[in-house]
>>> print(open('data_6.cif').read())   # mmCIF, C-alpha atoms
data_structure
#
loop_
_atom_site.label_atom_id
_atom_site.label_comp_id
_atom_site.auth_asym_id
_atom_site.auth_seq_id
_atom_site.Cartn_x
_atom_site.Cartn_y
_atom_site.Cartn_z
CA MET A 342 -60.69 94.30 186.21
CA THR A 343 -57.24 95.75 185.86
CA PRO A 344 -55.48 96.25 189.19
CA VAL A 345 -53.95 99.65 189.92
CA THR A 346 -50.18 99.50 190.30
CA ARG A 347 -49.33 101.14 193.61
CA GLY A 348 -47.05 104.13 193.22
CA PHE A 349 -47.25 104.26 189.44
CA HIS A 350 -48.27 107.61 187.99
CA GLY A 351 -46.83 107.61 184.50
CA ARG A 352 -45.74 110.59 182.49
CA PRO A 353 -47.87 113.73 182.50
CA ARG A 354 -50.57 113.16 179.92
CA SER A 355 -51.82 115.75 177.49
CA PRO A 356 -55.20 115.16 175.84
CA GLY A 357 -53.85 116.17 172.41
CA ASP A 358 -51.27 113.43 172.34
CA ALA A 359 -53.60 110.90 173.87
CA SER A 360 -56.03 111.18 170.96
CA ARG A 361 -53.24 110.16 168.60
CA LEU A 362 -51.75 107.41 170.78
CA PRO A 363 -53.30 103.95 170.55
CA PRO A 364 -53.67 102.01 173.84
CA GLY A 365 -50.41 100.81 175.42
CA GLN A 366 -48.22 102.99 173.19
CA TYR A 367 -45.77 105.74 174.18
CA LEU A 368 -44.37 108.59 172.13
CA THR A 369 -40.84 108.63 170.86
CA THR A 370 -39.05 111.25 168.80
CA ASP A 371 -36.23 109.05 167.55
CA PHE A 372 -36.67 106.16 165.17
CA PRO A 373 -35.88 102.72 166.65
CA VAL A 374 -34.83 99.88 164.33
CA LEU A 375 -36.12 96.33 164.69
CA SER A 376 -35.25 93.51 162.30
CA TYR A 377 -34.69 89.81 162.77
CA GLY A 378 -31.50 89.42 160.74
CA PRO A 379 -28.67 91.27 159.02
CA THR A 380 -29.65 94.26 156.87
CA PRO A 381 -29.74 93.25 153.17
CA HIS A 382 -28.08 95.46 150.56
CA THR A 383 -29.43 94.73 147.08
CA PRO A 384 -27.79 96.85 144.34
CA LEU A 385 -30.34 99.12 142.65
CA GLN A 386 -29.52 97.75 139.18
CA GLU A 387 -30.64 94.31 140.43
CA TRP A 388 -33.63 95.63 142.35
CA THR A 389 -37.13 94.93 141.03
CA PHE A 390 -40.63 95.14 142.39
CA LYS A 391 -43.02 92.41 141.31
CA ILE A 392 -46.73 91.74 141.69
CA ASP A 393 -47.58 88.09 141.08
CA GLY A 394 -49.62 85.17 142.39
CA ALA A 395 -53.34 85.06 141.60
CA VAL A 396 -53.12 87.67 138.85
CA ALA A 397 -53.82 87.53 135.10
CA GLU A 398 -50.27 88.59 134.25
CA PRO A 399 -47.45 89.29 136.73
CA VAL A 400 -45.91 92.76 136.48
CA THR A 401 -42.34 93.77 137.32
CA TRP A 402 -40.90 97.26 137.76
CA SER A 403 -37.22 98.12 137.75
CA TRP A 404 -35.93 100.77 140.19
CA GLU A 405 -36.06 103.44 137.46
CA GLN A 406 -39.57 102.37 136.46
CA LEU A 407 -40.75 102.62 140.07
CA LEU A 408 -39.29 106.10 140.41
CA ALA A 409 -41.04 107.11 137.16
CA LEU A 410 -44.45 106.41 138.69
CA PRO A 411 -46.27 109.41 140.20
CA PRO A 412 -44.95 109.87 143.77
CA GLU A 413 -47.01 111.04 146.72
CA PRO A 414 -45.85 112.76 149.88
CA VAL A 415 -47.19 110.91 152.94
CA VAL A 416 -47.31 112.26 156.51
CA ARG A 417 -48.60 109.76 159.05
CA ASP A 418 -48.24 108.58 162.64
CA ILE A 419 -46.64 105.14 162.99
CA HIS A 420 -47.10 102.60 165.77
CA CYS A 421 -44.71 99.74 166.55
CA VAL A 422 -45.96 96.65 168.39
CA THR A 423 -42.94 97.02 170.71
CA LYS A 424 -44.89 100.02 172.13
CA TRP A 425 -43.34 103.12 170.57
CA SER A 426 -45.30 105.50 168.38
CA LYS A 427 -43.89 108.33 166.30
CA LEU A 428 -46.04 111.20 165.09
CA ASP A 429 -46.03 112.96 161.71
CA THR A 430 -43.43 110.80 159.98
CA ARG A 431 -42.74 112.10 156.46
CA TRP A 432 -42.36 109.72 153.54
CA ARG A 433 -42.45 109.78 149.76
CA GLY A 434 -43.32 106.92 147.49
CA VAL A 435 -45.84 105.31 145.17
CA SER A 436 -49.35 104.46 146.27
CA VAL A 437 -50.16 100.75 146.17
CA ASP A 438 -53.34 101.84 144.31
CA VAL A 439 -51.13 103.03 141.44
CA LEU A 440 -49.21 99.74 141.36
CA LEU A 441 -52.39 97.67 141.41
CA GLU A 442 -53.77 99.53 138.37
CA ALA A 443 -51.22 97.59 136.33
CA VAL A 444 -52.55 94.13 137.29
CA GLN A 445 -55.78 92.16 137.16
CA PHE A 446 -56.06 90.24 140.41
CA ARG A 447 -58.43 87.48 141.41
CA THR A 448 -58.28 87.46 145.24
CA SER A 449 -58.37 89.96 148.07
CA TYR A 450 -55.39 88.61 150.04
CA LEU A 451 -51.75 89.54 149.62
CA THR A 452 -48.37 88.64 151.00
CA ALA A 453 -45.61 91.24 150.89
CA TRP A 454 -42.18 89.63 150.49
CA CYS A 455 -38.75 91.08 150.96
CA ASP A 456 -35.00 90.76 150.64
CA GLY A 457 -33.82 88.70 153.59
CA GLY A 458 -36.87 86.43 153.48
CA TYR A 459 -39.34 88.48 155.50
CA THR A 460 -43.04 88.26 154.67
CA THR A 461 -46.22 89.83 156.02
CA ASN A 462 -49.84 89.29 155.01
CA HIS A 463 -52.43 91.93 154.11
CA LEU A 464 -56.06 92.17 153.19
CA LEU A 465 -56.64 94.02 149.94
CA GLU A 466 -58.82 96.56 151.78
CA ASP A 467 -55.88 97.45 154.04
CA VAL A 468 -53.56 98.38 151.18
CA THR A 469 -56.00 100.13 148.82
CA GLY A 470 -57.94 103.38 148.94
CA GLY A 471 -54.93 105.55 149.83
CA LYS A 472 -53.84 103.46 152.82
CA ALA A 473 -50.54 101.96 151.66
CA TRP A 474 -47.43 102.96 149.72
CA VAL A 475 -44.10 101.65 148.54
CA VAL A 476 -41.87 104.40 149.94
CA TYR A 477 -38.27 105.24 149.07
CA GLU A 478 -37.76 108.54 150.92
CA TYR A 479 -37.92 109.29 154.63
CA ASP A 480 -37.81 112.87 155.91
CA GLY A 481 -36.65 114.21 152.54
CA GLN A 482 -33.76 111.75 152.18
CA PRO A 483 -33.34 108.39 150.46
CA LEU A 484 -34.66 105.71 152.83
CA PRO A 485 -31.67 104.37 154.86
CA ALA A 486 -31.02 100.62 154.61
CA GLU A 487 -31.63 99.98 158.31
CA HIS A 488 -35.09 101.51 157.95
CA GLY A 489 -35.90 99.33 154.95
CA GLY A 490 -34.19 101.12 152.04
CA PRO A 491 -34.08 101.22 149.14
CA ALA A 492 -37.85 100.78 149.49
CA ARG A 493 -40.29 99.56 152.09
CA LEU A 494 -44.00 99.05 152.32
CA LEU A 495 -45.79 101.69 154.39
CA VAL A 496 -49.16 100.71 155.87
CA PRO A 497 -49.31 103.19 158.75
CA HIS A 498 -52.80 102.36 160.03
CA LEU A 499 -51.53 98.92 161.12
CA TYR A 500 -48.69 98.03 163.53
CA PHE A 501 -45.39 98.75 161.87
CA TRP A 502 -44.29 95.12 161.34
CA LYS A 503 -46.93 95.19 158.58
CA SER A 504 -44.88 97.91 156.81
CA ALA A 505 -42.36 95.42 155.45
CA LYS A 506 -38.77 96.66 155.08
CA TRP A 507 -36.76 95.86 151.92
CA VAL A 508 -39.99 94.99 150.12
CA ARG A 509 -39.57 93.42 146.68
CA GLY A 510 -43.07 92.35 145.78
CA LEU A 511 -46.67 91.55 146.53
CA THR A 512 -48.14 88.10 145.88
CA PHE A 513 -51.89 87.63 145.64
CA THR A 514 -52.87 84.51 147.60
CA ASP A 515 -56.00 82.38 147.81
CA GLY A 516 -56.45 83.00 151.53
CA ASP A 517 -55.11 85.08 154.40
CA HIS A 518 -51.80 83.28 155.01
CA ALA A 519 -49.82 84.28 158.10
CA GLY A 520 -46.51 86.01 157.34
CA PHE A 521 -43.27 85.87 159.32
CA TRP A 522 -44.23 87.49 162.63
CA GLU A 523 -47.85 86.40 162.29
CA MET A 524 -46.54 82.79 162.36
CA TYR A 525 -44.71 83.56 165.57
CA GLY A 526 -47.83 84.60 167.42
CA TYR A 527 -48.32 88.18 166.33
CA HIS A 528 -51.83 89.17 165.31
CA ILE A 529 -52.99 88.28 161.82
CA HIS A 530 -54.38 91.81 161.25
CA GLY A 531 -52.56 94.15 163.66
CA ASP A 532 -54.83 97.17 164.19
CA PRO A 533 -53.13 99.32 166.90
CA TRP A 534 -56.40 101.05 167.85
CA LYS A 535 -57.87 97.64 168.74
CA GLU A 536 -54.53 96.69 170.32
CA GLN A 537 -54.27 93.60 168.12
CA ARG A 538 -50.70 92.78 169.14
CA TYR A 539 -50.77 89.01 169.48
CA THR A 540 -52.89 86.07 168.36
CA GLY A 541 -56.27 86.25 170.06
CA ASP A 542 -56.05 89.96 171.04
CA MET B 992 -39.56 73.42 167.29
CA GLU B 993 -38.34 76.48 165.43
CA GLY B 994 -41.16 78.07 163.52
CA THR B 995 -43.78 76.74 165.87
CA ALA B 996 -46.71 79.07 165.78
CA VAL B 997 -47.86 80.50 169.07
CA HIS B 998 -51.48 79.60 169.53
CA GLY B 999 -54.05 80.79 171.96
CA ARG B 1000 -54.50 84.08 173.65
CA LEU B 1001 -51.83 85.73 175.74
CA THR B 1002 -53.61 86.89 178.86
CA TRP B 1003 -52.38 89.36 181.45
CA GLN B 1004 -51.34 87.67 184.67
CA LEU B 1005 -50.58 89.05 188.09
CA ALA B 1006 -46.88 88.68 188.74
CA THR B 1007 -45.58 88.98 192.30
CA LEU B 1008 -42.07 90.32 192.78
CA VAL B 1009 -40.20 87.78 194.89
CA ASP B 1010 -36.64 89.05 194.73
CA ARG B 1011 -34.41 91.71 193.23
CA VAL B 1012 -30.71 91.64 192.47
CA VAL B 1013 -28.61 94.71 191.79
CA GLU B 1014 -26.55 93.70 188.76
CA THR B 1015 -24.78 97.00 188.06
CA PRO B 1016 -25.30 100.62 189.18
CA LYS B 1017 -27.88 100.85 186.34
CA ALA B 1018 -29.30 97.37 185.91
CA MET B 1019 -31.45 95.34 188.28
CA SER B 1020 -32.86 91.83 187.93
CA LEU B 1021 -36.44 91.34 189.10
CA MET B 1022 -37.70 87.84 189.84
CA PHE B 1023 -41.42 87.23 189.57
CA ASP B 1024 -43.71 84.51 190.72
CA LEU B 1025 -46.20 83.76 187.93
CA PRO B 1026 -48.47 80.91 189.04
CA ASP B 1027 -49.87 80.24 185.55
CA TRP B 1028 -46.68 80.71 183.56
CA PRO B 1029 -46.84 78.40 180.51
CA GLY B 1030 -43.05 78.18 180.17
CA HIS B 1031 -40.84 79.91 177.64
CA LEU B 1032 -37.98 79.40 175.21
CA ALA B 1033 -34.60 81.01 175.83
CA GLY B 1034 -34.60 84.37 174.03
CA GLN B 1035 -38.30 85.22 174.32
CA HIS B 1036 -39.69 88.32 176.03
CA VAL B 1037 -42.65 89.45 178.10
CA ASP B 1038 -44.88 92.50 178.09
CA VAL B 1039 -45.18 94.40 181.35
CA ARG B 1040 -48.22 96.59 182.10
CA LEU B 1041 -48.56 99.22 184.80
CA THR B 1042 -51.85 100.94 185.61
CA ALA B 1043 -52.16 104.37 187.23
CA GLU B 1044 -55.08 105.33 189.46
CA ASP B 1045 -56.79 107.24 186.66
CA GLY B 1046 -56.72 104.14 184.47
CA TYR B 1047 -53.75 105.24 182.37
CA GLN B 1048 -51.64 102.25 181.37
CA ALA B 1049 -48.05 101.96 180.25
CA GLU B 1050 -46.73 98.83 178.57
CA ARG B 1051 -43.17 97.83 177.79
CA SER B 1052 -41.38 94.73 176.51
CA TYR B 1053 -38.57 93.09 178.49
CA SER B 1054 -36.44 90.12 177.51
CA ILE B 1055 -36.59 87.14 179.83
CA ALA B 1056 -33.28 86.64 181.62
CA SER B 1057 -34.07 83.32 183.30
CA ALA B 1058 -33.66 79.98 181.58
CA PRO B 1059 -36.62 77.77 180.66
CA GLY B 1060 -37.79 75.61 183.54
CA GLU B 1061 -36.65 77.88 186.37
CA GLU B 1062 -39.03 78.52 189.24
CA HIS B 1063 -39.25 82.26 188.69
CA VAL B 1064 -39.42 84.45 185.61
CA THR B 1065 -36.63 87.01 185.74
CA ILE B 1066 -36.29 90.23 183.77
CA THR B 1067 -33.29 92.54 183.97
CA VAL B 1068 -34.20 96.21 183.77
CA ASP B 1069 -31.81 98.85 182.51
CA ARG B 1070 -32.74 102.00 184.43
CA ILE B 1071 -33.31 104.91 182.03
CA PRO B 1072 -33.08 108.04 184.24
CA ASP B 1073 -36.01 109.91 182.63
CA GLY B 1074 -37.90 106.74 181.71
CA GLU B 1075 -41.55 106.20 182.50
CA VAL B 1076 -41.47 102.53 183.40
CA SER B 1077 -37.90 101.41 184.18
CA PRO B 1078 -37.30 103.73 187.20
CA PHE B 1079 -40.63 102.57 188.61
CA LEU B 1080 -39.58 98.93 188.29
CA THR B 1081 -36.12 99.47 189.77
CA ASP B 1082 -36.93 102.06 192.46
CA GLU B 1083 -40.61 101.76 193.42
CA LEU B 1084 -41.77 98.20 193.09
CA MET B 1085 -41.31 96.34 196.36
CA VAL B 1086 -40.96 92.61 197.00
CA GLY B 1087 -44.43 91.18 197.54
CA GLU B 1088 -46.11 93.70 195.23
CA THR B 1089 -47.64 92.82 191.88
CA ILE B 1090 -47.60 94.09 188.33
CA GLU B 1091 -49.19 92.61 185.22
CA ILE B 1092 -47.16 90.47 182.83
CA ARG B 1093 -48.07 88.52 179.72
CA GLY B 1094 -46.03 86.23 177.54
CA PRO B 1095 -43.93 84.57 176.41
CA ILE B 1096 -43.65 86.54 173.18
CA GLY B 1097 -41.48 86.03 170.08
CA GLY B 1098 -40.42 82.75 168.57
CA PHE B 1099 -37.57 83.59 166.24
CA PHE B 1100 -34.78 84.94 168.44
CA VAL B 1101 -34.71 81.73 170.48
CA TRP B 1102 -32.33 78.88 171.09
CA GLU B 1103 -33.43 75.45 172.11
CA HIS B 1104 -31.81 72.04 172.18
CA SER B 1105 -33.15 70.90 168.82
CA LEU B 1106 -31.32 73.77 167.11
CA GLY B 1107 -28.02 72.25 168.26
CA GLY B 1108 -24.59 73.81 168.31
CA PRO B 1109 -22.09 75.24 168.18
CA ILE B 1110 -23.62 78.66 168.80
CA LEU B 1111 -22.12 82.13 168.89
CA LEU B 1112 -23.84 84.61 171.19
CA VAL B 1113 -22.98 88.28 170.81
CA GLY B 1114 -24.42 90.79 173.28
CA GLY B 1115 -23.98 94.54 173.55
CA GLY B 1116 -24.91 96.32 176.79
CA SER B 1117 -28.29 95.25 178.14
CA GLY B 1118 -28.73 93.26 174.91
CA VAL B 1119 -27.01 90.49 176.80
CA VAL B 1120 -30.22 89.73 178.75
CA PRO B 1121 -31.92 87.25 176.34
CA ILE B 1122 -28.49 85.83 175.56
CA ARG B 1123 -27.95 85.09 179.24
CA SER B 1124 -31.14 83.03 179.17
CA MET B 1125 -29.74 81.06 176.22
CA LEU B 1126 -26.36 80.50 177.86
CA ARG B 1127 -27.95 79.37 181.14
CA HIS B 1128 -30.22 77.03 179.23
CA TRP B 1129 -27.23 75.67 177.32
CA ALA B 1130 -25.34 75.05 180.57
CA ASN B 1131 -28.40 73.43 182.20
CA LEU B 1132 -28.63 70.88 179.39
CA LYS B 1133 -25.09 69.71 180.23
CA HIS B 1134 -24.85 67.06 177.54
CA GLU B 1135 -24.38 69.42 174.62
CA PRO B 1136 -21.15 68.18 173.01
CA THR B 1137 -20.45 71.31 170.96
CA CYS B 1138 -19.50 74.70 172.33
CA ALA B 1139 -21.39 77.91 173.06
CA ARG B 1140 -19.28 81.02 172.78
CA LEU B 1141 -20.32 84.36 174.27
CA LEU B 1142 -18.87 87.67 173.12
CA TYR B 1143 -20.18 90.43 175.36
CA SER B 1144 -19.44 94.11 174.96
CA ALA B 1145 -19.82 96.43 177.96
CA ARG B 1146 -18.55 99.97 178.54
CA THR B 1147 -16.64 99.50 181.78
CA LEU B 1148 -16.05 96.82 184.39
CA ASP B 1149 -18.93 98.29 186.44
CA ASP B 1150 -21.34 97.88 183.52
CA ILE B 1151 -20.92 94.11 183.20
CA ILE B 1152 -24.24 92.43 183.96
CA TYR B 1153 -24.15 88.85 185.37
CA GLN B 1154 -20.40 89.21 185.86
CA ARG B 1155 -19.92 86.40 188.38
CA GLU B 1156 -22.28 84.04 186.57
CA PHE B 1157 -20.49 84.54 183.26
CA ALA B 1158 -17.16 83.80 184.96
CA GLU B 1159 -18.62 80.55 186.31
CA LEU B 1160 -20.21 79.56 183.02
CA GLY B 1161 -17.01 80.39 181.16
CA ALA B 1162 -15.20 77.77 183.26
CA LEU B 1163 -17.43 75.01 181.85
CA GLU B 1164 -15.93 72.74 179.24
CA ASN B 1165 -18.40 73.58 176.49
CA VAL B 1166 -18.76 77.32 177.16
CA ASP B 1167 -16.40 80.14 176.14
CA VAL B 1168 -16.90 83.63 177.54
CA THR B 1169 -15.08 86.70 176.25
CA ILE B 1170 -15.96 90.16 177.50
CA ALA B 1171 -14.93 93.32 175.66
CA LEU B 1172 -14.69 96.60 177.55
CA THR B 1173 -15.08 99.55 175.21
CA ARG B 1174 -14.57 102.69 177.36
CA GLU B 1175 -12.02 101.82 180.02
CA TRP B 1176 -10.46 98.68 181.43
CA PRO B 1177 -8.26 97.73 184.38
CA GLU B 1178 -4.56 97.32 183.66
CA ASP B 1179 -4.73 93.59 184.18
CA TRP B 1180 -7.92 93.15 182.08
CA ARG B 1181 -7.73 89.82 180.30
CA GLY B 1182 -10.71 90.25 177.99
CA LEU B 1183 -10.88 92.31 174.82
CA ARG B 1184 -10.02 96.01 174.93
CA GLY B 1185 -12.21 98.12 172.67
CA ARG B 1186 -15.10 97.23 170.42
CA ILE B 1187 -15.83 93.77 169.09
CA ASP B 1188 -14.24 94.20 165.66
CA LYS B 1189 -13.62 92.10 162.58
CA THR B 1190 -10.53 90.44 164.06
CA ALA B 1191 -12.40 89.46 167.20
CA LEU B 1192 -15.33 88.10 165.20
CA GLU B 1193 -13.07 86.25 162.81
CA SER B 1194 -11.41 84.35 165.62
CA ALA B 1195 -14.64 83.80 167.58
CA ALA B 1196 -17.05 82.73 164.84
CA TRP B 1197 -17.67 79.05 164.20
CA SER B 1198 -17.67 77.70 160.67
CA SER B 1199 -21.19 76.36 161.24
CA GLY B 1200 -24.12 76.82 163.58
CA LEU B 1201 -26.31 79.73 164.55
CA THR B 1202 -25.31 83.21 165.67
CA TYR B 1203 -27.48 85.34 167.97
CA ILE B 1204 -26.80 89.07 168.21
CA CYS B 1205 -28.64 91.41 170.56
CA GLY B 1206 -27.88 95.00 171.49
CA PRO B 1207 -28.29 98.60 170.37
CA THR B 1208 -28.93 99.06 166.65
CA PRO B 1209 -25.43 100.29 165.63
CA PHE B 1210 -23.86 97.37 167.54
CA VAL B 1211 -26.11 94.80 165.86
CA GLU B 1212 -25.61 96.40 162.44
CA ALA B 1213 -21.82 96.36 162.83
CA VAL B 1214 -21.55 92.79 164.14
CA SER B 1215 -24.07 91.27 161.72
CA SER B 1216 -22.70 92.99 158.62
CA THR B 1217 -19.13 92.03 159.56
CA LEU B 1218 -20.17 88.39 159.90
CA VAL B 1219 -21.89 88.51 156.49
CA GLU B 1220 -18.72 90.11 155.09
CA LEU B 1221 -16.71 87.24 156.58
CA GLY B 1222 -18.82 84.84 154.55
CA HIS B 1223 -21.42 83.74 157.08
CA ASP B 1224 -24.87 82.93 155.75
CA ALA B 1225 -27.30 85.72 156.64
CA ALA B 1226 -29.94 83.06 157.32
CA SER B 1227 -27.82 81.67 160.18
CA ILE B 1228 -27.70 85.05 161.96
CA LYS B 1229 -30.57 86.00 164.24
CA THR B 1230 -30.71 89.52 165.57
CA GLU B 1231 -32.66 91.55 168.05
CA ARG B 1232 -32.14 95.29 168.04
CA PHE B 1233 -32.85 97.71 170.85
CA GLY B 1234 -33.77 101.14 169.58
CA PRO B 1235 -32.37 104.25 171.22
CA THR B 1236 -35.54 104.43 173.27
CA GLY B 1237 -36.95 101.68 175.41
CA THR B 1238 -37.82 103.45 178.61
#
>>> encode(input="data_6.cif", output="structure tokens")
Amino acid sequence: MTPVTRGFHGRPRSPGDASRLPPGQYLTTDFPVLSYGPTPHTPLQEWTFKIDGAVAEPVTWSWEQLLALPPEPVVRDIHCVTKWSKLDTRWRGVSVDVLLEAVQFRTSYLTAWCDGGYTTNHLLEDVTGGKAWVVYEYDGQPLPAEHGGPARLLVPHLYFWKSAKWVRGLTFTDGDHAGFWEMYGYHIHGDPWKEQRYTGD
Amino acid sequence: MEGTAVHGRLTWQLATLVDRVVETPKAMSLMFDLPDWPGHLAGQHVDVRLTAEDGYQAERSYSIASAPGEEHVTITVDRIPDGEVSPFLTDELMVGETIEIRGPIGGFFVWEHSLGGPILLVGGGSGVVPIRSMLRHWANLKHEPTCARLLYSARTLDDIIYQREFAELGALENVDVTIALTREWPEDWRGLRGRIDKTALESAAWSSGLTYICGPTPFVEAVSSTLVELGHDAASIKTERFGPTGT
């Protein structure tokens, strides 16, 4: 039984917003930045995106090759585990479904890896069926470096640490291996609607 | 112990406010009694949950300001005038009353003895809170032979959080404290005048050891990219960024 906090009323609540806000989240209109180290800056001519691991043949795209793939506009709400949510964020990028068409994979677990050493784990079902993208535009502009540019993973139905910044590849793994924040006690799956913030939630 | 996974469930606990300290006109430290607190590492944070009568709940994260092993868990709250949670914590919550807290959370932006020294701590504004926990912890350990250096950027003299404590810690043999005032400073100000820039970082940075940077995003971006420019290994720099929100 959750105790009522005397004297706490909270902001006025409108039912419309509430239906789009997962438990424990609040709305923000700006775009906070959270990263654990300095922002990496990989030159685009050196940038590649690779799918490897438990696959028949690894595949690598250059920056130009990624941009040549059919892009999709994406408008979604995003939810950060640090409690802020932002509605109707506008992105453009390539669906992970399109990328996966190029490989034959043997497992249903993936790890996204990034410049700077960050990793995060995903189940295949969370990044397929129109649920995940590699995005390179935000709000009609090239994705700024502090928000993960040149390209980041976007998996908006999960907490935003799952949308890895500076993503450089996906590795198919034999099991569901905890990524960076998942190792530090954040939830292995991270569904904001189930409030899966930390291990055991 | 770096990299130690956090196991087990983080449950909400009733935290009783036992004391409050006005740090600046905007910032207040709140000390809580948490009977089942499992202990924390310097640099970790807690989640705070408030519940309205209609069941509506607001949650926020706050860095822990107290050092590991202290009797009470302290957070320092920066009062955001139109915020939903921070004005409640600073203005409404009375000593003896309870809120819900769970933690500790986060295992990367932490310093503990096994990570050794020297260390460079760089704080901007209320980003100095988790860094204060680290510096207190460092001072409590006493036997650390290397040096901890704090660079702290505040707007004005009035905005300096933990001012007296930092002066005391700075007098220790193995602690250096330098405060930069960016907006205005007294005529006889002996710290840095203006932002923490490349020159300041060049003279403050150690040739080895870890660097911890916490503050608003532009501050963290500027300090961390300057250190990388100066040849410091990105892997030795740990950051925590506060977004423009955080009410």
>>> resolve_selection(input="data_6.cif", expression="the PyMOL selection byres ((chain B) within 8 of (chain A))", output="PyMOL selection string")
chain B and resi 994-1001+1041-1044+1046-1052+1075-1076+1079+1083-1084+1089-1090+1096-1100+1208+1212+1215-1216+1219+1225-1226+1228-1236
>>> atom_distance(input="data_6.cif", atom1="CA of His420 in chain A", atom2="CA of Arg509 in chain A")
22.5 Å
>>> resolve_selection(input="data_6.cif", expression="the PyMOL selection byres ((chain B and resi 1122) around 8)", output="short mmCIF file (atom, residue, chain, number, x, y, z; two decimals) with C-alpha atoms, in the frame of the given file")
data_model
loop_
_atom_site.label_atom_id
_atom_site.label_comp_id
_atom_site.auth_asym_id
_atom_site.auth_seq_id
_atom_site.Cartn_x
_atom_site.Cartn_y
_atom_site.Cartn_z
CA ALA B 1033 -34.60 81.01 175.83
CA GLY B 1034 -34.60 84.37 174.03
CA ALA B 1056 -33.28 86.64 181.62
CA LEU B 1112 -23.84 84.61 171.19
CA VAL B 1113 -22.98 88.28 170.81
CA GLY B 1114 -24.42 90.79 173.28
CA GLY B 1118 -28.73 93.26 174.91
CA VAL B 1119 -27.01 90.49 176.80
CA VAL B 1120 -30.22 89.73 178.75
CA PRO B 1121 -31.92 87.25 176.34
CA ARG B 1123 -27.95 85.09 179.24
CA SER B 1124 -31.14 83.03 179.17
CA MET B 1125 -29.74 81.06 176.22
CA LEU B 1126 -26.36 80.50 177.86
CA TYR B 1203 -27.48 85.34 167.97
CA CYS B 1205 -28.64 91.41 170.56
#
>>> residues_near_point(input="data_6.cif", point="(-38.4, 89.0, 190.0)", cutoff="12 Å", atoms="only C-alpha atoms", output="PyMOL selection string")
chain B and resi 1006-1013+1019-1025+1055-1057+1061-1068+1080-1081+1084-1090+1092
>>> atom_distance(input="data_6.cif", atom1="CA of Gly1116 in chain B", atom2="CA of Trp1003 in chain B")
28.7 Å
>>> residues_around(input="data_6.cif", residues="Val439 in chain A", least_positions_apart="4", cutoff="10 Å", atoms="all atoms listed in the file", output="PDB file with C-alpha atoms, in the coordinates of the input")
ATOM      1  CA  LEU A 410     -44.450 106.410 138.690  1.00  0.00           C
ATOM      2  CA  PRO A 411     -46.270 109.410 140.200  1.00  0.00           C
ATOM      3  CA  PRO A 412     -44.950 109.870 143.770  1.00  0.00           C
ATOM      4  CA  VAL A 435     -45.840 105.310 145.170  1.00  0.00           C
ATOM      5  CA  ALA A 443     -51.220  97.590 136.330  1.00  0.00           C
ATOM      6  CA  VAL A 444     -52.550  94.130 137.290  1.00  0.00           C
ATOM      7  CA  THR A 469     -56.000 100.130 148.820  1.00  0.00           C
ATOM      8  CA  GLY A 471     -54.930 105.550 149.830  1.00  0.00           C
ATOM      9  CA  TRP A 474     -47.430 102.960 149.720  1.00  0.00           C
TER      10      TRP A 474
END
>>> residues_around(input="data_6.cif", residues="Ser436 in chain A", least_positions_apart="2", cutoff="12 Å", atoms="all atoms listed in the file", output="JSON list (two decimals) with C-alpha atoms, in the frame of the given file")
[["chain", "number", "residue", "atom", "x", "y", "z"],
["A", 407, "LEU", "CA", -40.75, 102.62, 140.07],
["A", 408, "LEU", "CA", -39.29, 106.10, 140.41],
["A", 410, "LEU", "CA", -44.45, 106.41, 138.69],
["A", 411, "PRO", "CA", -46.27, 109.41, 140.20],
["A", 412, "PRO", "CA", -44.95, 109.87, 143.77],
["A", 413, "GLU", "CA", -47.01, 111.04, 146.72],
["A", 414, "PRO", "CA", -45.85, 112.76, 149.88],
["A", 415, "VAL", "CA", -47.19, 110.91, 152.94],
["A", 432, "TRP", "CA", -42.36, 109.72, 153.54],
["A", 433, "ARG", "CA", -42.45, 109.78, 149.76],
["A", 434, "GLY", "CA", -43.32, 106.92, 147.49],
["A", 438, "ASP", "CA", -53.34, 101.84, 144.31],
["A", 439, "VAL", "CA", -51.13, 103.03, 141.44],
["A", 440, "LEU", "CA", -49.21, 99.74, 141.36],
["A", 441, "LEU", "CA", -52.39, 97.67, 141.41],
["A", 442, "GLU", "CA", -53.77, 99.53, 138.37],
["A", 468, "VAL", "CA", -53.56, 98.38, 151.18],
["A", 469, "THR", "CA", -56.00, 100.13, 148.82],
["A", 470, "GLY", "CA", -57.94, 103.38, 148.94],
["A", 471, "GLY", "CA", -54.93, 105.55, 149.83],
["A", 472, "LYS", "CA", -53.84, 103.46, 152.82],
["A", 473, "ALA", "CA", -50.54, 101.96, 151.66],
["A", 474, "TRP", "CA", -47.43, 102.96, 149.72],
["A", 475, "VAL", "CA", -44.10, 101.65, 148.54],
["A", 476, "VAL", "CA", -41.87, 104.40, 149.94],
["A", 477, "TYR", "CA", -38.27, 105.24, 149.07],
["A", 493, "ARG", "CA", -40.29, 99.56, 152.09],
["A", 494, "LEU", "CA", -44.00, 99.05, 152.32],
["A", 495, "LEU", "CA", -45.79, 101.69, 154.39],
["A", 496, "VAL", "CA", -49.16, 100.71, 155.87]]
>>> resolve_selection(input="data_6.cif", expression="the PyMOL selection byres ((chain A and resi 450) around 8)", output="short mmCIF file (atom, residue, chain, number, x, y, z; two decimals) with C-alpha atoms, keeping the file's coordinate frame")
data_model
loop_
_atom_site.label_atom_id
_atom_site.label_comp_id
_atom_site.auth_asym_id
_atom_site.auth_seq_id
_atom_site.Cartn_x
_atom_site.Cartn_y
_atom_site.Cartn_z
CA THR A 448 -58.28 87.46 145.24
CA SER A 449 -58.37 89.96 148.07
CA LEU A 451 -51.75 89.54 149.62
CA THR A 452 -48.37 88.64 151.00
CA ASN A 462 -49.84 89.29 155.01
CA HIS A 463 -52.43 91.93 154.11
CA LEU A 464 -56.06 92.17 153.19
CA LEU A 465 -56.64 94.02 149.94
CA PHE A 513 -51.89 87.63 145.64
CA THR A 514 -52.87 84.51 147.60
CA ASP A 515 -56.00 82.38 147.81
CA GLY A 516 -56.45 83.00 151.53
CA ASP A 517 -55.11 85.08 154.40
#
